[in-house]
file work31.txt (compact mmCIF, C-alpha atoms)
# COMPACT_ATOMS: atom_id res chain seq x y z
CA MET A 1 -2.84 -13.70 8.22
CA GLU A 2 0.74 -13.55 9.42
CA SER A 3 1.38 -10.57 11.63
CA LEU A 4 3.22 -7.64 10.09
CA ALA A 5 4.32 -6.45 13.54
CA GLY A 6 8.00 -5.59 13.67
CA MET A 7 8.46 -5.57 9.89
CA ARG A 8 10.03 -2.56 8.24
CA LEU A 9 7.96 -0.50 5.79
CA VAL A 10 10.24 -0.17 2.75
CA GLU A 11 8.29 0.88 -0.32
CA ILE A 12 5.10 2.29 -1.80
CA ARG A 13 4.57 2.08 -5.56
CA ARG A 14 1.99 0.97 -8.08
CA ILE A 15 1.42 -1.61 -10.76
CA VAL A 16 -0.90 0.06 -13.27
CA ASP A 17 -3.64 1.32 -10.88
CA MET A 18 -2.98 -1.16 -8.07
CA VAL A 19 -1.30 0.21 -4.94
CA VAL A 20 1.68 -1.82 -3.73
CA VAL A 21 2.96 -1.51 -0.16
CA VAL A 22 6.07 -3.54 0.73
CA PHE A 23 7.28 -4.60 4.19
CA ARG A 24 10.52 -6.46 5.00
CA ARG A 25 11.35 -8.76 7.86
CA ASP A 26 14.81 -8.59 9.40
CA ASP A 27 15.74 -11.83 7.57
CA GLY A 28 15.09 -10.10 4.23
CA VAL A 29 11.79 -11.77 3.37
CA GLU A 30 9.41 -9.22 1.88
CA TYR A 31 5.65 -9.09 2.23
CA ALA A 32 3.44 -7.04 -0.05
CA ILE A 33 -0.05 -5.69 -0.02
CA HIS A 34 -1.57 -5.37 -3.48
CA ALA A 35 -4.69 -3.22 -3.25
CA SER A 36 -7.29 -2.59 -5.91
CA CYS A 37 -9.33 -0.53 -3.47
CA PRO A 38 -8.64 2.90 -1.96
CA VAL A 39 -5.46 3.23 0.07
CA ARG A 40 -4.06 6.16 1.97
CA VAL A 41 -1.02 6.83 4.11
CA MET A 42 -1.65 9.17 7.02
CA HIS A 43 0.63 11.21 9.27
CA GLY A 44 -1.68 12.27 12.07
CA ASP A 45 -4.65 13.88 10.32
CA VAL A 46 -2.70 14.61 7.12
CA ILE A 47 -3.00 12.37 4.04
CA LEU A 48 0.56 11.93 2.73
CA ILE A 49 -0.55 9.90 -0.28
CA GLY A 50 -3.82 8.46 -1.48
CA SER A 51 -4.61 6.09 -4.30
CA TYR A 52 -6.78 8.78 -5.90
CA ASP A 53 -3.57 10.81 -6.45
CA MET A 54 -3.05 8.59 -9.51
CA HIS A 55 -5.73 10.71 -11.23
CA HIS A 56 -3.71 13.92 -10.98
CA ALA A 57 -0.66 14.88 -13.04
CA LYS A 58 2.40 16.09 -11.15
CA VAL A 59 2.39 19.25 -13.26
CA ARG A 60 -0.76 21.37 -13.06
CA GLY A 61 -2.53 21.45 -16.42
CA ALA A 62 -0.67 18.41 -17.79
CA ASP A 63 -2.69 15.58 -19.31
CA SER A 64 -3.65 13.23 -16.45
CA ASN A 65 -3.93 10.17 -18.73
CA GLU A 66 -0.45 10.78 -20.10
CA ALA A 67 0.90 11.32 -16.58
CA PHE A 68 -0.67 8.02 -15.52
CA GLU A 69 0.97 6.17 -18.42
CA ASN A 70 4.35 7.85 -17.78
CA PHE A 71 4.29 7.37 -13.98
CA THR A 72 4.36 11.14 -13.41
CA THR A 73 1.20 11.52 -11.32
CA MET A 74 1.06 13.06 -7.86
CA TYR A 75 0.85 9.49 -6.57
CA ASP A 76 4.12 8.54 -8.28
CA VAL A 77 5.93 11.64 -7.00
CA ARG A 78 4.71 11.13 -3.44
CA ALA A 79 5.35 7.37 -3.51
CA LYS A 80 8.95 7.98 -4.56
CA SER A 81 9.40 10.59 -1.82
CA LEU A 82 7.90 8.34 0.86
CA THR A 83 9.99 5.38 -0.28
CA SER A 84 13.11 7.57 0.06
CA SER A 85 12.01 8.51 3.58
CA PHE A 86 11.57 4.86 4.43
CA ALA A 87 15.10 4.10 3.18
CA GLU A 88 16.55 6.87 5.37
CA GLY A 89 14.50 5.92 8.41
CA ASP A 90 13.41 2.76 10.15
CA PHE A 91 9.62 2.72 10.06
CA ARG A 92 8.55 -0.48 11.84
CA VAL A 93 5.03 -1.86 12.06
CA THR A 94 3.81 -1.35 15.61
CA SER A 95 0.33 -2.72 14.95
CA ALA A 96 -1.65 -4.24 12.10
CA ASP A 97 -5.37 -4.77 12.43
CA LEU A 98 -8.10 -6.20 10.24
CA GLY A 99 -11.35 -4.33 10.86
CA PRO A 100 -14.94 -4.55 9.70
CA GLY A 101 -15.52 -4.86 5.98
CA GLY A 102 -11.89 -5.80 5.31
CA LEU A 103 -10.42 -2.52 6.56
CA LEU A 104 -6.68 -3.12 7.00
CA VAL A 105 -4.76 -0.63 9.12
CA ALA A 106 -1.02 -0.89 9.72
CA GLU A 107 0.70 1.64 11.96
CA GLU A 108 4.43 2.26 11.66
CA ALA A 109 6.82 4.28 13.78
CA ASP A 110 10.38 5.53 13.52
CA GLY A 111 11.09 6.80 17.00
CA SER A 112 8.41 9.37 17.79
CA ASP A 113 7.46 9.80 14.11
CA SER A 114 4.52 7.64 13.07
CA ILE A 115 2.43 6.96 9.98
CA ARG A 116 -0.57 4.78 9.25
CA VAL A 117 -1.39 2.79 6.10
CA GLU A 118 -5.14 2.33 5.59
CA VAL A 119 -6.53 -0.07 2.98
CA ILE A 120 -10.26 0.55 2.55
CA PRO A 121 -12.39 -1.94 0.57
CA MET A 122 -15.26 -0.24 -1.24
CA SER A 123 -16.94 -3.09 -3.16
CA SER A 124 -19.90 -5.16 -2.02
CA GLY A 125 -19.12 -7.99 -4.44
CA PRO A 126 -18.03 -11.08 -2.50
CA LYS A 127 -15.88 -12.30 -5.41
CA VAL A 128 -14.33 -8.91 -6.24
CA GLU A 129 -10.84 -8.83 -4.75
CA SER A 130 -10.09 -5.66 -2.79
CA TRP A 131 -6.61 -6.54 -1.56
CA ARG A 132 -4.19 -9.35 -0.89
CA LEU A 133 -1.25 -9.79 1.48
CA PHE A 134 1.50 -12.26 0.70
CA ALA A 135 5.18 -13.09 1.14
CA VAL A 136 7.07 -12.19 -2.02
CA GLU A 137 8.48 -15.66 -2.60
CA GLU A 138 7.59 -18.59 -4.81
CA GLY A 139 4.61 -20.61 -3.57
CA ALA A 140 3.78 -18.33 -0.64
CA GLU A 141 0.23 -18.36 0.65
CA HIS A 142 -1.89 -15.31 -0.15
CA PHE A 143 -4.40 -13.82 2.26
CA VAL A 144 -7.16 -12.35 0.07
CA TYR A 145 -10.01 -10.04 1.03
CA PRO A 146 -12.76 -10.94 0.63
CA GLU A 147 -11.88 -14.60 1.02
CA ALA A 148 -14.35 -15.65 -1.70
CA ALA A 149 -12.37 -13.60 -4.25
CA GLY A 150 -9.48 -16.04 -3.94
CA ARG A 151 -11.62 -18.92 -5.21
CA ASP A 152 -13.02 -19.79 -8.63
call {"tool": "encode", "arguments": {"input": "work31.txt", "output": "structure tokens"}}
result
Amino acid sequence: MESLAGMRLVEIRRIVDMVVVVFRRDDGVEYAIHASCPVRVMHGDVILIGSYDMHHAKVRGADSNEAFENFTTMYDVRAKSLTSSFAEGDFRVTSADLGPGGLLVAEEADGSDSIRVEVIPMSSGPKVESWRLFAVEEGAEHFVYPEAAGRD
């Protein structure tokens, strides 16, 4: 896996129910994590956004299924807010580690302000993809966890 260190965190969004986290190198090449497993972004001990937020409508009492379809969940609201913060700041990856069971943790800092992206696989199936990391360019290699999920 190519190191994310030094890349700028630029976006958090979703494709259906898959979390997308985008990083950009200084030369403009973007790398993305596509996660089908739980993901959360932490600021100290506070969860800024979690993948489970997709289950909750932005407006209390609103239909959560409709909110999901219309991209008006708490996840969508928070992802948009965080992405705006990333555009205004310069959150750079200070460390990226692959832990036991495919745990991926990337820490970013903008001066003394820091956040942490945690991707947490929750499936025991060796062929069930939890997440992948890849350069967003034609023909780029994909790093898939678990590795067996990237094979037929």
call {"tool": "closest_atom_pairs", "arguments": {"input": "work31.txt", "of": "segment 46-130 of chain A", "to": "segment 23-39 of chain A", "cutoff": "7 Å", "atoms": "all atoms listed in the file", "output": "tab-separated table"}}
result
residue	atom	partner	partner_atom	distance
A:Gly50	CA	A:Val39	CA	5.7
A:Ser51	CA	A:Val39	CA	5.3
A:Glu118	CA	A:Val39	CA	5.6
A:Val119	CA	A:Val39	CA	4.5
A:Ile120	CA	A:Pro38	CA	5.3
A:Pro121	CA	A:Cys37	CA	5.3
A:Met122	CA	A:Cys37	CA	6.3
A:Ser130	CA	A:Ser36	CA	5.2
call {"tool": "closest_residue", "arguments": {"input": "work31.txt", "among": "A:Lys58, A:Arg116, A:Arg92, A:Lys127", "to": "Gly6 of chain A", "atoms": "only C-alpha atoms"}}
result
A:Arg92
call {"tool": "residues_around", "arguments": {"input": "work31.txt", "residues": "segment 104-114 of chain A", "least_positions_apart": "3", "cutoff": "7 Å", "atoms": "only C-alpha atoms", "output": "PDB file with C-alpha atoms, in the frame of the given file"}}
result
ATOM      1  CA  HIS A  43       0.630  11.210   9.270  1.00  0.00           C
ATOM      2  CA  GLY A  89      14.500   5.920   8.410  1.00  0.00           C
ATOM      3  CA  ASP A  90      13.410   2.760  10.150  1.00  0.00           C
ATOM      4  CA  PHE A  91       9.620   2.720  10.060  1.00  0.00           C
ATOM      5  CA  ARG A  92       8.550  -0.480  11.840  1.00  0.00           C
ATOM      6  CA  VAL A  93       5.030  -1.860  12.060  1.00  0.00           C
ATOM      7  CA  THR A  94       3.810  -1.350  15.610  1.00  0.00           C
ATOM      8  CA  SER A  95       0.330  -2.720  14.950  1.00  0.00           C
ATOM      9  CA  ALA A  96      -1.650  -4.240  12.100  1.00  0.00           C
ATOM     10  CA  ASP A  97      -5.370  -4.770  12.430  1.00  0.00           C
ATOM     11  CA  LEU A  98      -8.100  -6.200  10.240  1.00  0.00           C
ATOM     12  CA  GLY A  99     -11.350  -4.330  10.860  1.00  0.00           C
ATOM     13  CA  VAL A 117      -1.390   2.790   6.100  1.00  0.00           C
ATOM     14  CA  GLU A 118      -5.140   2.330   5.590  1.00  0.00           C
ATOM     15  CA  VAL A 119      -6.530  -0.070   2.980  1.00  0.00           C
ATOM     16  CA  ILE A 120     -10.260   0.550   2.550  1.00  0.00           C
TER      17      ILE A 120
END
call {"tool": "atom_distance", "arguments": {"input": "work31.txt", "atom1": "atom CA of Ala149 of chain A", "atom2": "atom CA of Phe134 of chain A"}}
result
14.8 Å
call {"tool": "axis_aligned_box", "arguments": {"input": "work31.txt", "around": "segment 28-33 of chain A", "padding_each_side": "5 Å", "output": "AutoDock Vina command-line options"}}
result
--center_x 7.5 --center_y -8.7 --center_z 2.1 --size_x 25.1 --size_y 16.1 --size_z 14.3
call {"tool": "atom_distance", "arguments": {"input": "work31.txt", "atom1": "atom CA of Tyr75 of chain A", "atom2": "atom CA of Glu88 of chain A"}}
result
19.9 Å
call {"tool": "atom_distance", "arguments": {"input": "work31.txt", "atom1": "atom CA of Ile12 of chain A", "atom2": "atom CA of Thr83 of chain A"}}
result
6.0 Å
call {"tool": "closest_residue", "arguments": {"input": "work31.txt", "among": "A:Ala67, A:Lys80, A:Ile115, A:Leu4", "to": "Arg40 of chain A", "atoms": "all atoms listed in the file"}}
result
A:Ile115
call {"tool": "residues_around", "arguments": {"input": "work31.txt", "residues": "Met54 of chain A", "least_positions_apart": "4", "cutoff": "7 Å", "atoms": "only C-alpha atoms", "output": "list of chain:residue names"}}
result
A:Phe68, A:Thr73, A:Met74, A:Tyr75
call {"tool": "decode", "arguments": {"input": "work31.txt", "residues": "segment 16-52 of chain A", "atoms": "N, CA and C atoms", "output": "compact mmCIF listing (two decimals), in the first residue's frame"}}
result
# COMPACT_ATOMS: atom_id res chain seq x y z
N VAL A 16 -24.04 5.49 -2.61
CA VAL A 16 -25.08 4.67 -2.00
C VAL A 16 -24.76 4.56 -0.51
N ASP A 17 -24.38 3.36 -0.01
CA ASP A 17 -24.05 3.24 1.42
C ASP A 17 -22.56 3.02 1.65
N MET A 18 -21.75 3.29 0.66
CA MET A 18 -20.30 3.11 0.76
C MET A 18 -19.65 4.46 1.08
N VAL A 19 -18.87 4.49 2.15
CA VAL A 19 -18.16 5.70 2.55
C VAL A 19 -17.00 5.92 1.58
N VAL A 20 -16.82 7.17 1.17
CA VAL A 20 -15.72 7.56 0.30
C VAL A 20 -14.91 8.65 1.01
N VAL A 21 -13.61 8.41 1.16
CA VAL A 21 -12.71 9.38 1.74
C VAL A 21 -11.64 9.65 0.69
N VAL A 22 -11.43 10.93 0.36
CA VAL A 22 -10.51 11.29 -0.73
C VAL A 22 -9.34 12.11 -0.18
N PHE A 23 -8.14 11.72 -0.62
CA PHE A 23 -6.89 12.40 -0.29
C PHE A 23 -6.26 12.89 -1.60
N ARG A 24 -5.48 13.97 -1.53
CA ARG A 24 -4.84 14.50 -2.75
C ARG A 24 -3.36 14.78 -2.48
N ARG A 25 -2.54 14.27 -3.38
CA ARG A 25 -1.12 14.61 -3.33
C ARG A 25 -0.93 16.03 -3.85
N ASP A 26 0.23 16.59 -3.60
CA ASP A 26 0.51 17.95 -4.06
C ASP A 26 0.53 18.06 -5.58
N ASP A 27 0.78 16.95 -6.29
CA ASP A 27 0.77 16.97 -7.75
C ASP A 27 -0.63 16.82 -8.34
N GLY A 28 -1.65 16.76 -7.46
CA GLY A 28 -3.04 16.69 -7.92
C GLY A 28 -3.62 15.29 -8.02
N VAL A 29 -2.79 14.26 -7.91
CA VAL A 29 -3.30 12.90 -7.99
C VAL A 29 -4.11 12.60 -6.73
N GLU A 30 -5.31 12.08 -6.93
CA GLU A 30 -6.18 11.77 -5.80
C GLU A 30 -6.17 10.27 -5.50
N TYR A 31 -6.28 9.97 -4.23
CA TYR A 31 -6.41 8.60 -3.75
C TYR A 31 -7.72 8.53 -2.97
N ALA A 32 -8.40 7.41 -3.09
CA ALA A 32 -9.68 7.26 -2.40
C ALA A 32 -9.72 5.96 -1.62
N ILE A 33 -10.42 6.03 -0.51
CA ILE A 33 -10.78 4.84 0.23
C ILE A 33 -12.27 4.66 -0.01
N HIS A 34 -12.66 3.49 -0.47
CA HIS A 34 -14.07 3.12 -0.58
C HIS A 34 -14.29 2.05 0.47
N ALA A 35 -15.16 2.34 1.43
CA ALA A 35 -15.37 1.42 2.55
C ALA A 35 -16.81 0.95 2.63
N SER A 36 -16.96 -0.35 2.68
CA SER A 36 -18.27 -0.97 2.87
C SER A 36 -18.46 -1.39 4.32
N CYS A 37 -17.49 -1.09 5.15
CA CYS A 37 -17.53 -1.42 6.57
C CYS A 37 -17.67 -0.11 7.36
N PRO A 38 -17.83 -0.21 8.67
CA PRO A 38 -17.94 1.01 9.47
C PRO A 38 -16.73 1.92 9.34
N VAL A 39 -17.04 3.21 9.32
CA VAL A 39 -16.01 4.26 9.25
C VAL A 39 -16.44 5.35 10.21
N ARG A 40 -15.46 5.95 10.86
CA ARG A 40 -15.76 7.13 11.66
C ARG A 40 -14.59 8.10 11.58
N VAL A 41 -14.92 9.37 11.75
CA VAL A 41 -13.92 10.43 11.79
C VAL A 41 -13.98 11.01 13.19
N MET A 42 -12.85 11.00 13.86
CA MET A 42 -12.75 11.42 15.25
C MET A 42 -11.97 12.72 15.40
N HIS A 43 -12.38 13.53 16.36
CA HIS A 43 -11.64 14.71 16.80
C HIS A 43 -11.46 14.51 18.29
N GLY A 44 -10.29 14.03 18.69
CA GLY A 44 -10.10 13.62 20.08
C GLY A 44 -11.00 12.43 20.37
N ASP A 45 -11.86 12.56 21.39
CA ASP A 45 -12.78 11.49 21.74
C ASP A 45 -14.17 11.69 21.14
N VAL A 46 -14.33 12.70 20.29
CA VAL A 46 -15.63 13.03 19.71
C VAL A 46 -15.74 12.46 18.30
N ILE A 47 -16.84 11.76 18.03
CA ILE A 47 -17.10 11.25 16.68
C ILE A 47 -17.74 12.38 15.88
N LEU A 48 -17.03 12.87 14.86
CA LEU A 48 -17.55 13.95 14.01
C LEU A 48 -18.56 13.41 13.00
N ILE A 49 -18.28 12.22 12.50
CA ILE A 49 -19.17 11.57 11.54
C ILE A 49 -18.91 10.07 11.62
N GLY A 50 -19.97 9.31 11.46
CA GLY A 50 -19.84 7.86 11.43
C GLY A 50 -20.72 7.30 10.33
N SER A 51 -20.32 6.21 9.77
CA SER A 51 -21.09 5.63 8.66
C SER A 51 -22.52 5.31 9.07
N TYR A 52 -22.75 5.04 10.35
CA TYR A 52 -24.10 4.73 10.81
C TYR A 52 -25.02 5.96 10.73
